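entry.txt (compact mmCIF, C-alpha atoms) appears below.
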```
# COMPACT_ATOMS: atom_id res chain seq x y z
CA MET A 1 -38.45 6.94 -14.69
CA SER A 2 -37.63 8.30 -11.25
CA ASP A 3 -34.79 6.98 -9.15
CA THR A 4 -37.32 5.62 -6.64
CA LEU A 5 -39.02 3.51 -9.28
CA GLU A 6 -35.68 2.18 -10.49
CA ASP A 7 -34.80 1.04 -6.97
CA SER A 8 -36.90 -2.11 -6.97
CA PHE A 9 -36.49 -5.53 -5.40
CA GLU A 10 -37.82 -9.02 -6.07
CA ILE A 11 -39.69 -11.60 -4.05
CA ALA A 12 -40.36 -14.99 -5.62
CA GLY A 13 -39.54 -13.63 -9.07
CA LYS A 14 -41.90 -10.64 -8.93
CA THR A 15 -40.65 -7.05 -8.87
CA TYR A 16 -41.89 -4.54 -6.29
CA HIS A 17 -41.24 -0.83 -5.94
CA SER A 18 -42.82 -0.19 -2.54
CA ARG A 19 -40.73 -1.49 0.34
CA LEU A 20 -43.55 -1.07 2.84
CA LEU A 21 -45.67 -4.16 3.44
CA VAL A 22 -48.79 -3.79 5.56
CA GLY A 23 -51.33 -5.89 7.42
CA THR A 24 -55.10 -5.64 7.61
CA GLY A 25 -55.88 -6.28 11.28
CA LYS A 26 -57.02 -3.95 14.10
CA TYR A 27 -58.63 -1.23 11.96
CA LYS A 28 -62.00 0.09 13.11
CA ASP A 29 -63.76 -0.88 9.88
CA MET A 30 -63.27 -1.90 6.27
CA ASP A 31 -63.26 1.70 5.05
CA GLU A 32 -60.37 2.65 7.31
CA THR A 33 -58.53 -0.48 6.20
CA ARG A 34 -58.93 0.48 2.54
CA ASP A 35 -57.90 4.10 3.08
CA ALA A 36 -54.83 3.24 5.16
CA LEU A 37 -53.61 0.71 2.62
CA ALA A 38 -53.98 3.25 -0.16
CA ALA A 39 -52.08 5.91 1.83
CA SER A 40 -49.25 3.48 2.56
CA GLY A 41 -48.49 2.89 -1.09
CA ALA A 42 -47.95 -0.79 -0.28
CA GLU A 43 -48.01 -3.39 -3.02
CA ILE A 44 -47.95 -6.43 -0.72
CA VAL A 45 -50.72 -6.81 1.87
CA THR A 46 -50.73 -9.59 4.43
CA ILE A 47 -53.92 -11.18 5.73
CA ALA A 48 -54.25 -13.47 8.75
CA VAL A 49 -56.14 -16.44 7.35
CA ARG A 50 -57.31 -17.66 10.76
CA ARG A 51 -58.62 -14.22 11.77
CA SER A 52 -59.98 -12.82 8.51
CA ASN A 53 -62.50 -14.01 5.98
CA ILE A 54 -61.04 -14.52 2.52
CA GLY A 55 -63.93 -16.67 1.33
CA GLN A 56 -64.09 -19.47 3.88
CA ASN A 57 -67.10 -17.85 5.60
CA ARG A 58 -69.61 -16.95 2.92
CA ASP A 59 -72.03 -15.20 5.29
CA GLU A 60 -69.42 -12.68 6.56
CA PRO A 61 -67.79 -9.62 4.93
CA ASN A 62 -64.82 -10.64 2.80
CA ILE A 63 -61.59 -8.68 3.36
CA LEU A 64 -60.82 -9.13 -0.34
CA ASP A 65 -63.69 -6.76 -1.11
CA VAL A 66 -61.45 -3.88 0.02
CA VAL A 67 -58.07 -5.52 -0.58
CA SER A 68 -58.33 -6.40 -4.23
CA PRO A 69 -56.01 -9.13 -5.54
CA GLN A 70 -55.97 -7.16 -8.79
CA ARG A 71 -54.36 -4.21 -7.01
CA TYR A 72 -52.27 -5.89 -4.31
CA THR A 73 -50.19 -9.01 -3.94
CA ILE A 74 -52.05 -10.89 -1.23
CA LEU A 75 -49.79 -12.45 1.39
CA PRO A 76 -51.73 -14.96 3.50
CA ASN A 77 -50.13 -15.43 6.90
CA THR A 78 -50.35 -18.04 9.63
CA ALA A 79 -50.82 -15.66 12.58
CA GLY A 80 -52.22 -17.52 15.56
CA CYS A 81 -50.55 -20.82 14.75
CA TYR A 82 -48.53 -22.47 17.51
CA ASP A 83 -47.35 -25.64 15.77
CA ALA A 84 -46.07 -26.64 12.35
CA LYS A 85 -49.07 -28.82 11.52
CA THR A 86 -51.58 -26.00 11.99
CA ALA A 87 -49.43 -23.53 10.06
CA VAL A 88 -49.07 -25.88 7.09
CA ARG A 89 -52.79 -26.61 7.06
CA THR A 90 -53.54 -22.87 7.13
CA CYS A 91 -51.29 -22.21 4.14
CA ARG A 92 -52.93 -24.99 2.17
CA LEU A 93 -56.36 -23.56 2.95
CA ALA A 94 -55.21 -20.16 1.71
CA ARG A 95 -53.87 -21.65 -1.51
CA GLU A 96 -57.21 -23.34 -2.13
CA LEU A 97 -59.23 -20.20 -1.45
CA LEU A 98 -56.91 -18.01 -3.56
CA ASP A 99 -56.87 -20.25 -6.63
CA GLY A 100 -53.42 -21.77 -6.29
CA HIS A 101 -51.64 -18.77 -4.75
CA ASN A 102 -48.28 -19.99 -3.42
CA LEU A 103 -46.78 -16.93 -1.71
CA VAL A 104 -47.30 -17.14 2.05
CA LYS A 105 -45.95 -15.61 5.23
CA LEU A 106 -45.09 -18.29 7.75
CA GLU A 107 -45.14 -17.56 11.45
CA VAL A 108 -45.27 -20.24 14.13
CA LEU A 109 -45.50 -18.74 17.59
CA GLY A 110 -43.99 -20.05 20.80
CA ASP A 111 -46.37 -18.63 23.41
CA GLU A 112 -49.19 -16.14 23.77
CA LYS A 113 -47.38 -13.69 26.06
CA THR A 114 -44.31 -12.88 23.98
CA LEU A 115 -45.48 -14.05 20.52
CA PHE A 116 -41.86 -14.92 19.84
CA PRO A 117 -41.39 -17.51 17.09
CA ASP A 118 -41.02 -21.19 17.91
CA ILE A 119 -37.93 -21.78 15.80
CA VAL A 120 -38.06 -25.59 15.90
CA GLN A 121 -41.65 -25.60 14.65
CA THR A 122 -40.89 -22.83 12.16
CA LEU A 123 -38.07 -24.84 10.60
CA GLU A 124 -40.31 -27.91 10.36
CA ALA A 125 -43.17 -26.00 8.76
CA ALA A 126 -40.89 -24.15 6.35
CA GLY A 127 -39.37 -27.40 5.13
CA GLU A 128 -42.77 -28.98 4.53
CA LEU A 129 -44.20 -25.93 2.76
CA ILE A 130 -41.18 -25.50 0.50
CA ALA A 131 -41.38 -29.17 -0.46
CA ASP A 132 -45.05 -28.61 -1.29
CA GLY A 133 -44.27 -25.80 -3.73
CA PHE A 134 -44.96 -22.77 -1.55
CA ASP A 135 -42.94 -19.55 -1.74
CA VAL A 136 -42.27 -18.95 1.93
CA MET A 137 -41.60 -15.59 3.55
CA VAL A 138 -40.72 -16.48 7.11
CA TYR A 139 -41.06 -14.65 10.44
CA THR A 140 -38.17 -15.42 12.75
CA ASN A 141 -36.11 -14.04 15.61
CA ASP A 142 -33.07 -11.82 15.06
CA ASP A 143 -30.57 -14.69 15.19
CA PRO A 144 -28.24 -14.47 12.15
CA ILE A 145 -27.59 -18.23 12.23
CA ILE A 146 -31.28 -19.14 12.06
CA ALA A 147 -31.90 -16.48 9.41
CA LYS A 148 -29.20 -18.00 7.22
CA ARG A 149 -30.53 -21.51 7.81
CA LEU A 150 -34.00 -20.48 6.65
CA GLU A 151 -32.52 -18.88 3.55
CA GLU A 152 -30.52 -22.02 2.76
CA MET A 153 -33.67 -24.13 3.12
CA GLY A 154 -35.24 -22.14 0.29
CA CYS A 155 -37.32 -19.40 1.93
CA VAL A 156 -37.81 -16.54 -0.55
CA ALA A 157 -37.55 -13.85 2.15
CA VAL A 158 -36.50 -13.82 5.79
CA MET A 159 -38.35 -11.55 8.22
CA PRO A 160 -36.58 -11.03 11.55
CA LEU A 161 -38.46 -9.28 14.32
CA ALA A 162 -37.39 -5.84 15.50
CA ALA A 163 -39.17 -6.32 18.83
CA PRO A 164 -42.17 -8.33 20.07
CA ILE A 165 -45.23 -8.24 17.81
CA GLY A 166 -47.40 -5.20 18.47
CA SER A 167 -45.01 -3.74 21.06
CA GLY A 168 -43.98 -0.62 19.14
CA LEU A 169 -40.54 -0.75 20.79
CA GLY A 170 -38.57 -0.28 17.58
CA ILE A 171 -35.42 -2.16 16.64
CA ARG A 172 -33.90 -3.59 19.83
CA ASN A 173 -30.81 -5.18 18.29
CA ARG A 174 -29.51 -3.22 15.33
CA PHE A 175 -26.27 -5.18 15.20
CA ASN A 176 -28.01 -8.51 14.65
CA ILE A 177 -30.28 -7.07 11.98
CA ARG A 178 -27.29 -5.59 10.19
CA THR A 179 -25.46 -8.93 10.35
CA ILE A 180 -28.47 -10.74 8.92
CA VAL A 181 -28.64 -8.24 6.06
CA GLU A 182 -24.91 -8.50 5.30
CA ASN A 183 -25.04 -12.30 5.11
CA ALA A 184 -28.23 -12.62 3.06
CA ARG A 185 -28.85 -13.37 -0.59
CA VAL A 186 -32.63 -13.11 -0.28
CA PRO A 187 -34.68 -10.08 0.78
CA ILE A 188 -34.58 -9.25 4.48
CA LEU A 189 -37.66 -7.48 5.81
CA VAL A 190 -38.07 -6.32 9.39
CA ASP A 191 -41.31 -7.75 10.75
CA ALA A 192 -42.87 -6.83 14.11
CA GLY A 193 -42.07 -4.18 16.69
CA VAL A 194 -42.07 -1.00 14.62
CA GLY A 195 -43.85 1.81 16.47
CA THR A 196 -43.39 4.99 14.48
CA ALA A 197 -41.87 6.40 11.32
CA SER A 198 -38.34 6.76 12.71
CA ASP A 199 -38.27 3.01 13.49
CA ALA A 200 -39.08 2.24 9.87
CA ALA A 201 -36.39 4.63 8.66
CA VAL A 202 -33.79 2.96 10.91
CA ALA A 203 -34.64 -0.46 9.49
CA MET A 204 -34.07 0.82 5.99
CA GLU A 205 -30.86 2.62 6.96
CA LEU A 206 -29.55 -0.74 8.20
CA GLY A 207 -29.95 -2.08 4.68
CA CYS A 208 -33.19 -4.04 5.03
CA ASP A 209 -35.10 -4.56 1.81
CA GLY A 210 -38.39 -3.62 3.41
CA VAL A 211 -40.54 -3.46 6.53
CA LEU A 212 -43.81 -5.19 7.32
CA MET A 213 -46.10 -3.57 9.86
CA ASN A 214 -49.69 -3.53 11.05
CA THR A 215 -50.21 -2.29 14.61
CA ALA A 216 -47.98 0.75 14.17
CA ILE A 217 -50.43 2.05 11.59
CA ALA A 218 -53.74 0.60 12.78
CA ALA A 219 -53.26 1.61 16.42
CA ALA A 220 -52.19 5.19 15.65
CA ARG A 221 -54.57 8.00 16.57
CA GLU A 222 -54.94 8.71 12.83
CA PRO A 223 -54.11 5.49 10.97
CA VAL A 224 -54.38 6.93 7.47
CA LEU A 225 -52.00 9.76 8.30
CA MET A 226 -49.58 7.32 9.96
CA ALA A 227 -49.68 5.12 6.87
CA SER A 228 -48.59 8.12 4.83
CA ALA A 229 -45.83 8.89 7.32
CA MET A 230 -44.56 5.31 7.18
CA ARG A 231 -44.46 5.46 3.40
CA LYS A 232 -42.26 8.55 3.50
CA ALA A 233 -40.04 7.10 6.24
CA ILE A 234 -39.38 3.95 4.24
CA GLU A 235 -38.41 6.00 1.21
CA ALA A 236 -36.19 8.35 3.23
CA GLY A 237 -34.46 5.52 5.06
CA ARG A 238 -33.78 3.68 1.83
CA GLU A 239 -32.33 6.80 0.19
CA ALA A 240 -30.12 7.42 3.24
CA TYR A 241 -28.81 3.85 3.04
CA ARG A 242 -28.04 4.19 -0.63
CA ALA A 243 -26.40 7.59 -0.11
CA GLY A 244 -24.06 6.24 2.56
CA ARG A 245 -24.02 8.07 5.89
CA MET A 246 -21.01 10.04 7.06
CA ARG A 247 -18.57 8.35 9.39
CA PRO A 248 -19.38 9.18 13.04
CA LYS A 249 -16.66 11.14 14.82
CA ARG A 250 -15.89 11.60 18.48
CA PHE A 251 -15.08 15.29 18.25
CA ALA A 252 -16.44 18.25 16.34
CA SER A 253 -15.53 18.99 12.75
CA ALA A 254 -16.29 22.46 11.35
CA SER A 255 -18.84 22.49 8.56
CA SER A 256 -16.97 25.40 6.97
CA PRO A 257 -13.20 24.80 6.98
CA LEU A 258 -11.01 27.69 8.02
CA ASP A 259 -8.23 26.94 5.54
CA GLY A 260 -7.68 29.77 3.07
CA LEU A 261 -9.71 32.36 4.98
CA PHE A 262 -8.37 35.92 5.39
CA PHE A 263 -8.56 37.66 8.75
CA ASP A 264 -8.07 41.35 9.63
```

What would the structure in this file look like if it were written as structure tokens?
Amino acid sequence: MSDTLEDSFEIAGKTYHSRLLVGTGKYKDMDETRDALAASGAEIVTIAVRRSNIGQNRDEPNILDVVSPQRYTILPNTAGCYDAKTAVRTCRLARELLDGHNLVKLEVLGDEKTLFPDIVQTLEAAGELIADGFDVMVYTNDDPIIAKRLEEMGCVAVMPLAAPIGSGLGIRNRFNIRTIVENARVPILVDAGVGTASDAAVAMELGCDGVLMNTAIAAAREPVLMASAMRKAIEAGREAYRAGRMRPKRFASASSPLDGLFFD
């Protein structure tokens, strides 16, 4: 077994080898969605229940026709929810449609302009869902205190934003992300704001367990190629983190020491 395969992580008791999680929105058609997911190597695929058909609309194409639950772990999410009540109801609908599936991604948004999380409503919804037997992966801001609180409540993974959803700005506060990672006992996955492969690599170099993205792939000029690039970036960033980077220095240090050399 390769070293990459040995370097796995767990969410809600299930082992995963790919640390890239992807969404299904914004692609031009179902074929592009299928091809991009395959190129990404992802094992967990998130679907916005309020924006996609997973069986609730029988007369429309079903996203599960190209995102097979036999191949992927389906992660229903509550995108588009602006209060705890709606988010909880959406998760319960997903569980019913997916035959008792309990793993969900919770996001409760504060406003339509920033799409930042409403933390008060997020905490309320998380508490209710956990009490109802859901395994909650939760979208939050990059506040280490809130991240720890969500972990202590029983969330199975905490997903701090790197930057506003769909912005492509990359990680705006590396120090907070690193602090969240250092204090966590559950998987930490950067969610939102990744724009290109180097952003994904940085997240992994900070010690994150994974990265979830959608727009960075779907909005690329060639989404399938970008999905492949993101897959490689995640792997490279993770290997760099495990290898341990050199200590930065203020001044130069010769790559080839002069000690012991003979001069004419």

One decimal, in Å: what's the spacing between atom CA of A:Ile171 and atom CA of A:Asp29? 29.2 Å

Find, counting all atoms listed in the file, the residue in A:Glu43, A:Glu222, A:Asp83, A:Asp142 that gets nearest to A:Ser68.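 Closest to A:Ser68 of all the choices is A:Glu43.
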
Env of A:Ala236: 12 Å cut, atoms = only C-alpha atoms, seq-sep filter 2 positions within chain, self excluded. Answer as a list of chain:residue names.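 Listed by chain and then number, they are A:Thr4, A:Arg19, A:Leu20, A:Ala197, A:Ser198, A:Asp199, A:Ala200, A:Ala201, A:Val202, A:Ala203, A:Met204, A:Glu205, A:Ala229, A:Met230, A:Arg231, A:Lys232, A:Ala233, A:Ile234, A:Arg238, A:Glu239, A:Ala240, A:Tyr241, A:Arg242, A:Ala243.
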
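With all atoms listed in the file as the basis for measurement, A:Val186 is the residue among A:Ala216, A:Met137, A:Val181, A:Val186 that approaches A:Phe9 most closely.
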
For stretch 226-233 of chain A, I'd like the enclosing box, axis-aligned and padded by 6 Å on every side, reported as lines of an AutoDock Vina configuration file with centre and edge lengths in Å to one decimal.
```
center_x = -44.9
center_y = 7.0
center_z = 6.7
size_x = 21.6
size_y = 15.8
size_z = 18.6
```

Excluding A:Gly133 and its own-chain neighbours fewer than 5 positions away, which residues fall within 10 Å of it when counting only C-alpha atoms? Please give them as a VMD selection string. chain A and resid 102 to 103 128

As an exercise, work out the distance from atom CA of A:Ile145 to atom CA of A:Cys208 in Å and give it to one decimal place. 16.9 Å

Find the residue from A:Ser18, A:Asn176, A:Gln121, A:Thr73 that sits nearest to A:Val88; use all atoms listed in the file when measuring. A:Gln121

Please write as a list in words the list of polymer residues whose atoms come within 10 Å of (-28.6, -6.6, 15.0), counting all atoms listed in the file and keeping to the coordinates of the file.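 Every residue inside that radius is included here: Asp142, Asp143, Pro144, Pro160, Ala162, Ile171, Arg172, Asn173, Arg174, Phe175, Asn176, Ile177, Arg178, Thr179, Ile180, Val181 and Leu206 of chain A.
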
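Our summary of the geometry notes that atom CA of A:Gly127 is positioned 15.1 Å from atom CA of A:Thr78.
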
Which residues of stretch 69-108 of chain A sit at most 12 Å from stretch 35-42 of chain A, using only C-alpha atoms? Give each one's shortest atom pair and distance in Å (one decimal place), in chain and ascending residue order, as a tab-separated table.
```
residue	atom	partner	partner_atom	distance
A:Arg71	CA	A:Ala42	CA	9.9
A:Tyr72	CA	A:Ala42	CA	7.8
A:Thr73	CA	A:Ala42	CA	9.3
A:Ile74	CA	A:Ala42	CA	10.9
A:Leu75	CA	A:Ala42	CA	11.9
```

Which protein, DNA or RNA residues are at most 12 Å from (-39.7, -27.0, 1.7) in the file's coordinates when you count all atoms listed in the file, listed as an NGL selection string? :A and (88 or 106 or 122-138 or 150-156)

Best match for closeness to A:His101 among A:Met226, A:Ala12, A:Ala192, A:Ile119, counting all atoms listed in the file: A:Ala12

Rank nothing, just name the residue among A:Ser253, A:Thr86, A:Thr196, A:Ser52 nearest to A:Pro223, using only C-alpha atoms.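 With only C-alpha atoms as the atom set, the closest residue is A:Thr196.
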
Quick one: of A:Arg185, A:Pro76, A:Pro61, A:Leu212, who's nearest to A:Ala227, counting only C-alpha atoms?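 Nearest to A:Ala227: A:Leu212.
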